[in-house]
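The data block below is data.cif; it holds mmCIF, C-alpha atoms; chains and numbers go by the auth columns.
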```cif
data_final
loop_
_atom_site.group_PDB
_atom_site.id
_atom_site.type_symbol
_atom_site.label_atom_id
_atom_site.label_comp_id
_atom_site.label_asym_id
_atom_site.label_seq_id
_atom_site.Cartn_x
_atom_site.Cartn_y
_atom_site.Cartn_z
_atom_site.B_iso_or_equiv
_atom_site.auth_seq_id
_atom_site.auth_asym_id
ATOM 1 C CA MET A 1 0.000 0.000 0.000 0.00 1 X
ATOM 2 C CA LYS A 2 1.253 3.447 -0.928 0.00 2 X
ATOM 3 C CA ALA A 3 0.308 6.948 0.102 0.00 3 X
ATOM 4 C CA LYS A 4 0.884 9.781 -2.337 0.00 4 X
ATOM 5 C CA ILE A 5 0.902 13.366 -1.116 0.00 5 X
ATOM 6 C CA VAL A 6 1.052 16.252 -3.566 0.00 6 X
ATOM 7 C CA ILE A 7 1.774 19.671 -2.083 0.00 7 X
ATOM 8 C CA THR A 8 1.238 22.736 -4.265 0.00 8 X
ATOM 9 C CA PRO A 9 1.370 26.461 -3.549 0.00 9 X
ATOM 10 C CA LYS A 10 -2.075 28.038 -3.138 0.00 10 X
ATOM 11 C CA LYS A 11 -3.347 29.818 -6.265 0.00 11 X
ATOM 12 C CA ALA A 12 -3.024 33.254 -4.640 0.00 12 X
ATOM 13 C CA VAL A 13 0.610 32.671 -3.655 0.00 13 X
ATOM 14 C CA LEU A 14 3.463 33.763 -5.911 0.00 14 X
ATOM 15 C CA ASP A 15 5.138 30.716 -7.495 0.00 15 X
ATOM 16 C CA PRO A 16 8.531 31.881 -8.824 0.00 16 X
ATOM 17 C CA GLN A 17 9.665 28.318 -9.612 0.00 17 X
ATOM 18 C CA GLY A 18 6.548 27.779 -11.740 0.00 18 X
ATOM 19 C CA LYS A 19 7.089 31.102 -13.504 0.00 19 X
ATOM 20 C CA THR A 20 10.694 30.103 -14.261 0.00 20 X
ATOM 21 C CA VAL A 21 9.632 26.771 -15.755 0.00 21 X
ATOM 22 C CA GLN A 22 6.996 28.543 -17.846 0.00 22 X
ATOM 23 C CA THR A 23 9.552 31.022 -19.217 0.00 23 X
ATOM 24 C CA ALA A 24 11.987 28.184 -19.936 0.00 24 X
ATOM 25 C CA LEU A 25 9.317 26.260 -21.868 0.00 25 X
ATOM 26 C CA GLU A 26 8.536 29.375 -23.904 0.00 26 X
ATOM 27 C CA HIS A 27 12.236 29.864 -24.689 0.00 27 X
ATOM 28 C CA MET A 28 12.337 26.230 -25.819 0.00 28 X
ATOM 29 C CA GLY A 29 9.782 27.228 -28.445 0.00 29 X
ATOM 30 C CA TYR A 30 6.810 25.575 -26.829 0.00 30 X
ATOM 31 C CA ALA A 31 4.087 28.237 -26.709 0.00 31 X
ATOM 32 C CA GLY A 32 0.980 26.355 -25.550 0.00 32 X
ATOM 33 C CA VAL A 33 1.590 26.854 -21.836 0.00 33 X
ATOM 34 C CA ALA A 34 -0.966 28.861 -19.849 0.00 34 X
ATOM 35 C CA ALA A 35 0.466 28.406 -16.337 0.00 35 X
ATOM 36 C CA VAL A 36 2.889 26.233 -14.399 0.00 36 X
ATOM 37 C CA HIS A 37 2.721 25.254 -10.746 0.00 37 X
ATOM 38 C CA VAL A 38 5.644 23.579 -9.030 0.00 38 X
ATOM 39 C CA GLY A 39 5.123 21.626 -5.834 0.00 39 X
ATOM 40 C CA LYS A 40 6.383 18.716 -3.810 0.00 40 X
ATOM 41 C CA TYR A 41 5.569 15.050 -4.211 0.00 41 X
ATOM 42 C CA ILE A 42 5.893 12.625 -1.323 0.00 42 X
ATOM 43 C CA GLU A 43 5.428 8.902 -1.803 0.00 43 X
ATOM 44 C CA ILE A 44 5.123 6.818 1.352 0.00 44 X
ATOM 45 C CA ASP A 45 5.395 3.029 1.183 0.00 45 X
ATOM 46 C CA LEU A 46 3.222 1.613 3.955 0.00 46 X
ATOM 47 C CA GLN A 47 3.950 -1.716 5.543 0.00 47 X
ATOM 48 C CA PRO A 48 1.716 -4.572 4.330 0.00 48 X
ATOM 49 C CA GLY A 49 -1.429 -5.026 6.383 0.00 49 X
ATOM 50 C CA THR A 50 -1.610 -1.360 7.420 0.00 50 X
ATOM 51 C CA ASP A 51 -5.134 -0.188 8.229 0.00 51 X
ATOM 52 C CA LYS A 52 -6.201 2.215 5.468 0.00 52 X
ATOM 53 C CA ALA A 53 -8.449 4.412 7.649 0.00 53 X
ATOM 54 C CA ALA A 54 -5.822 4.777 10.384 0.00 54 X
ATOM 55 C CA ALA A 55 -3.137 5.556 7.794 0.00 55 X
ATOM 56 C CA THR A 56 -5.359 8.207 6.192 0.00 56 X
ATOM 57 C CA THR A 57 -5.953 9.901 9.557 0.00 57 X
ATOM 58 C CA ALA A 58 -2.288 9.844 10.585 0.00 58 X
ATOM 59 C CA LEU A 59 -1.025 11.038 7.198 0.00 59 X
ATOM 60 C CA ASN A 60 -3.605 13.814 6.980 0.00 60 X
ATOM 61 C CA GLU A 61 -2.375 15.011 10.345 0.00 61 X
ATOM 62 C CA ALA A 62 1.267 14.745 9.246 0.00 62 X
ATOM 63 C CA ALA A 63 0.576 16.537 5.952 0.00 63 X
ATOM 64 C CA HIS A 64 -1.204 19.327 7.779 0.00 64 X
ATOM 65 C CA LYS A 65 1.268 19.652 10.636 0.00 65 X
ATOM 66 C CA PHE A 66 4.686 19.371 9.084 0.00 66 X
ATOM 67 C CA LEU A 67 4.771 18.205 5.483 0.00 67 X
ATOM 68 C CA SER A 68 2.975 21.274 4.155 0.00 68 X
ATOM 69 C CA ASN A 69 2.648 24.858 5.279 0.00 69 X
ATOM 70 C CA PRO A 70 -1.156 25.332 5.379 0.00 70 X
ATOM 71 C CA VAL A 71 -0.816 29.111 5.180 0.00 71 X
ATOM 72 C CA ILE A 72 0.620 29.071 1.680 0.00 72 X
ATOM 73 C CA GLU A 73 0.225 25.484 0.468 0.00 73 X
ATOM 74 C CA ASP A 74 -2.538 23.010 -0.328 0.00 74 X
ATOM 75 C CA TYR A 75 -2.058 19.266 -0.152 0.00 75 X
ATOM 76 C CA ARG A 76 -3.810 16.276 -1.674 0.00 76 X
ATOM 77 C CA LEU A 77 -3.531 12.846 -0.045 0.00 77 X
ATOM 78 C CA GLU A 78 -4.291 9.661 -1.941 0.00 78 X
ATOM 79 C CA ILE A 79 -3.867 6.109 -0.696 0.00 79 X
ATOM 80 C CA VAL A 80 -3.562 3.372 -3.310 0.00 80 X
ATOM 81 C CA ASP A 81 -3.326 -0.387 -2.850 0.00 81 X
ATOM 82 C CA MET B 1 -5.852 20.258 -20.576 0.00 1 P
ATOM 83 C CA LYS B 2 -3.224 19.694 -17.924 0.00 2 P
ATOM 84 C CA ALA B 3 0.140 17.974 -17.889 0.00 3 P
ATOM 85 C CA LYS B 4 1.400 16.511 -14.649 0.00 4 P
ATOM 86 C CA ILE B 5 5.053 15.659 -14.232 0.00 5 P
ATOM 87 C CA VAL B 6 6.268 13.783 -11.167 0.00 6 P
ATOM 88 C CA ILE B 7 10.027 13.679 -10.661 0.00 7 P
ATOM 89 C CA THR B 8 11.421 11.251 -8.084 0.00 8 P
ATOM 90 C CA PRO B 9 14.967 10.246 -7.161 0.00 9 P
ATOM 91 C CA LYS B 10 16.011 6.889 -8.647 0.00 10 P
ATOM 92 C CA LYS B 11 15.753 3.974 -6.199 0.00 11 P
ATOM 93 C CA ALA B 12 19.536 3.578 -5.997 0.00 12 P
ATOM 94 C CA VAL B 13 20.083 7.250 -5.152 0.00 13 P
ATOM 95 C CA LEU B 14 20.284 8.413 -1.530 0.00 14 P
ATOM 96 C CA ASP B 15 17.138 10.363 -0.598 0.00 15 P
ATOM 97 C CA PRO B 16 17.947 12.312 2.591 0.00 16 P
ATOM 98 C CA GLN B 17 14.684 14.300 2.436 0.00 17 P
ATOM 99 C CA GLY B 18 12.698 11.060 2.290 0.00 18 P
ATOM 100 C CA LYS B 19 14.686 9.617 5.177 0.00 19 P
ATOM 101 C CA THR B 20 13.980 12.762 7.227 0.00 20 P
ATOM 102 C CA VAL B 21 10.238 12.547 6.591 0.00 21 P
ATOM 103 C CA GLN B 22 10.292 8.857 7.532 0.00 22 P
ATOM 104 C CA THR B 23 12.077 9.590 10.828 0.00 23 P
ATOM 105 C CA ALA B 24 9.656 12.448 11.560 0.00 24 P
ATOM 106 C CA LEU B 25 6.653 10.172 10.969 0.00 25 P
ATOM 107 C CA GLU B 26 8.137 7.574 13.318 0.00 26 P
ATOM 108 C CA HIS B 27 8.699 10.249 15.984 0.00 27 P
ATOM 109 C CA MET B 28 5.065 11.263 15.551 0.00 28 P
ATOM 110 C CA GLY B 29 4.201 7.741 16.652 0.00 29 P
ATOM 111 C CA TYR B 30 3.207 6.441 13.241 0.00 30 P
ATOM 112 C CA ALA B 31 5.101 3.181 12.799 0.00 31 P
ATOM 113 C CA GLY B 32 3.630 1.668 9.604 0.00 32 P
ATOM 114 C CA VAL B 33 6.043 3.414 7.219 0.00 33 P
ATOM 115 C CA ALA B 34 8.365 1.229 5.141 0.00 34 P
ATOM 116 C CA ALA B 35 9.990 3.938 2.998 0.00 35 P
ATOM 117 C CA VAL B 36 9.486 7.524 1.894 0.00 36 P
ATOM 118 C CA HIS B 37 10.495 9.144 -1.386 0.00 37 P
ATOM 119 C CA VAL B 38 10.367 12.887 -1.853 0.00 38 P
ATOM 120 C CA GLY B 39 10.257 14.367 -5.305 0.00 39 P
ATOM 121 C CA LYS B 40 9.002 17.296 -7.346 0.00 40 P
ATOM 122 C CA TYR B 41 5.573 17.817 -8.820 0.00 41 P
ATOM 123 C CA ILE B 42 5.044 20.081 -11.815 0.00 42 P
ATOM 124 C CA GLU B 43 1.567 20.888 -13.079 0.00 43 P
ATOM 125 C CA ILE B 44 1.360 22.589 -16.459 0.00 44 P
ATOM 126 C CA ASP B 45 -1.897 24.170 -17.606 0.00 45 P
ATOM 127 C CA LEU B 46 -2.006 23.892 -21.386 0.00 46 P
ATOM 128 C CA GLN B 47 -3.911 26.336 -23.508 0.00 47 P
ATOM 129 C CA PRO B 48 -7.275 25.049 -24.785 0.00 48 P
ATOM 130 C CA GLY B 49 -7.062 23.312 -28.145 0.00 49 P
ATOM 131 C CA THR B 50 -3.458 22.189 -27.665 0.00 50 P
ATOM 132 C CA ASP B 51 -2.551 19.068 -29.631 0.00 51 P
ATOM 133 C CA LYS B 52 -2.091 16.240 -27.130 0.00 52 P
ATOM 134 C CA ALA B 53 0.549 14.329 -29.131 0.00 53 P
ATOM 135 C CA ALA B 54 2.648 17.453 -29.778 0.00 54 P
ATOM 136 C CA ALA B 55 2.388 18.459 -26.114 0.00 55 P
ATOM 137 C CA THR B 56 3.492 14.993 -25.016 0.00 56 P
ATOM 138 C CA THR B 57 6.562 15.125 -27.265 0.00 57 P
ATOM 139 C CA ALA B 58 7.560 18.651 -26.222 0.00 58 P
ATOM 140 C CA LEU B 59 7.032 18.014 -22.515 0.00 59 P
ATOM 141 C CA ASN B 60 8.896 14.701 -22.600 0.00 60 P
ATOM 142 C CA GLU B 61 11.818 16.570 -24.136 0.00 61 P
ATOM 143 C CA ALA B 62 11.556 19.341 -21.532 0.00 62 P
ATOM 144 C CA ALA B 63 11.295 16.864 -18.654 0.00 63 P
ATOM 145 C CA HIS B 64 14.331 14.988 -19.917 0.00 64 P
ATOM 146 C CA LYS B 65 16.420 18.049 -20.759 0.00 65 P
ATOM 147 C CA PHE B 66 15.893 20.468 -17.916 0.00 66 P
ATOM 148 C CA LEU B 67 13.079 19.618 -15.537 0.00 67 P
ATOM 149 C CA SER B 68 14.735 16.444 -14.281 0.00 68 P
ATOM 150 C CA ASN B 69 18.307 15.256 -13.953 0.00 69 P
ATOM 151 C CA PRO B 70 18.185 11.898 -15.793 0.00 70 P
ATOM 152 C CA VAL B 71 21.347 10.704 -14.043 0.00 71 P
ATOM 153 C CA ILE B 72 19.727 10.610 -10.604 0.00 72 P
ATOM 154 C CA GLU B 73 16.015 11.152 -11.236 0.00 73 P
ATOM 155 C CA ASP B 74 13.117 9.441 -12.947 0.00 74 P
ATOM 156 C CA TYR B 75 10.101 11.296 -14.260 0.00 75 P
ATOM 157 C CA ARG B 76 6.548 10.366 -15.098 0.00 76 P
ATOM 158 C CA LEU B 77 4.502 12.478 -17.493 0.00 77 P
ATOM 159 C CA GLU B 78 0.727 12.309 -17.631 0.00 78 P
ATOM 160 C CA ILE B 79 -1.592 14.454 -19.726 0.00 79 P
ATOM 161 C CA VAL B 80 -5.192 14.751 -18.560 0.00 80 P
ATOM 162 C CA ASP B 81 -8.100 16.526 -20.210 0.00 81 P
#
```
What would the structure in this file look like if it were written as structure tokens?
Amino acid sequence: MKAKIVITPKKAVLDPQGKTVQTALEHMGYAGVAAVHVGKYIEIDLQPGTDKAAATTALNEAAHKFLSNPVIEDYRLEIVD
Amino acid sequence: MKAKIVITPKKAVLDPQGKTVQTALEHMGYAGVAAVHVGKYIEIDLQPGTDKAAATTALNEAAHKFLSNPVIEDYRLEIVD
């Protein structure tokens, strides 16, 4: 079982890394880019037989408390078998 | 249309950030973690009407050339409508 957490800056927050990637893509000659957002990706391998509900609760807490900064970032947690 | 690129360190490469998150989770009292990998997540909003095949080619090239370091990182590109 794996947990995947994607952390992205909130829409209202300046994303200089995203802006840089967008400019770089335009310089590469690829013009079809409207916006770029750069975030973090955390993949957690859970031990076999882990309880899915308990894992979801614990990881939501972890994501909120120290993996993301809730003031400027959003996170998305997904648990896959 | 959106492109999502996930960049993770190769399995053989040391991932100190992942190790730190794993230790932090264990200190939080959550013991069911086997391994943690930390990577980058890039979301690219494509302009409406963009050709999916052309976007895939251009973004694969971009991911390989400057978004990831192919020596130590793997990337996964996904284009969703």
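Among X:Lys52, X:Lys4, X:His37, X:Arg76, the residue with the shortest atom-to-atom distance to Gly18 of chain X, counting all atoms listed in the file, is X:His37.
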Please, which residues of chain P lie no more than 10 Å from chain X when the count uses only C-alpha atoms, and can they be set out as a VMD selection string?
chain P and resid 1 to 8 17 to 18 21 to 22 24 to 25 28 to 51 54 to 55 58 to 59 61 to 62 66 to 67
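Residue neighbourhood of Pro70 of chain X, excluding near-sequence residues (fewer than 6 positions): Ile7, Pro9, Lys10, Ala63 and His64 of chain X, at 10 Å, using all atoms listed in the file.
Note that atom CA of Ala12 of chain P and atom CA of Tyr75 of chain P are 14.7 Å apart.
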Quote the spacing between atom CA of Pro16 of chain X and atom CA of Val71 of chain X in Å to one decimal place.
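Going from atom CA of Pro16 of chain X over to atom CA of Val71 of chain X covers 17.1 Å.
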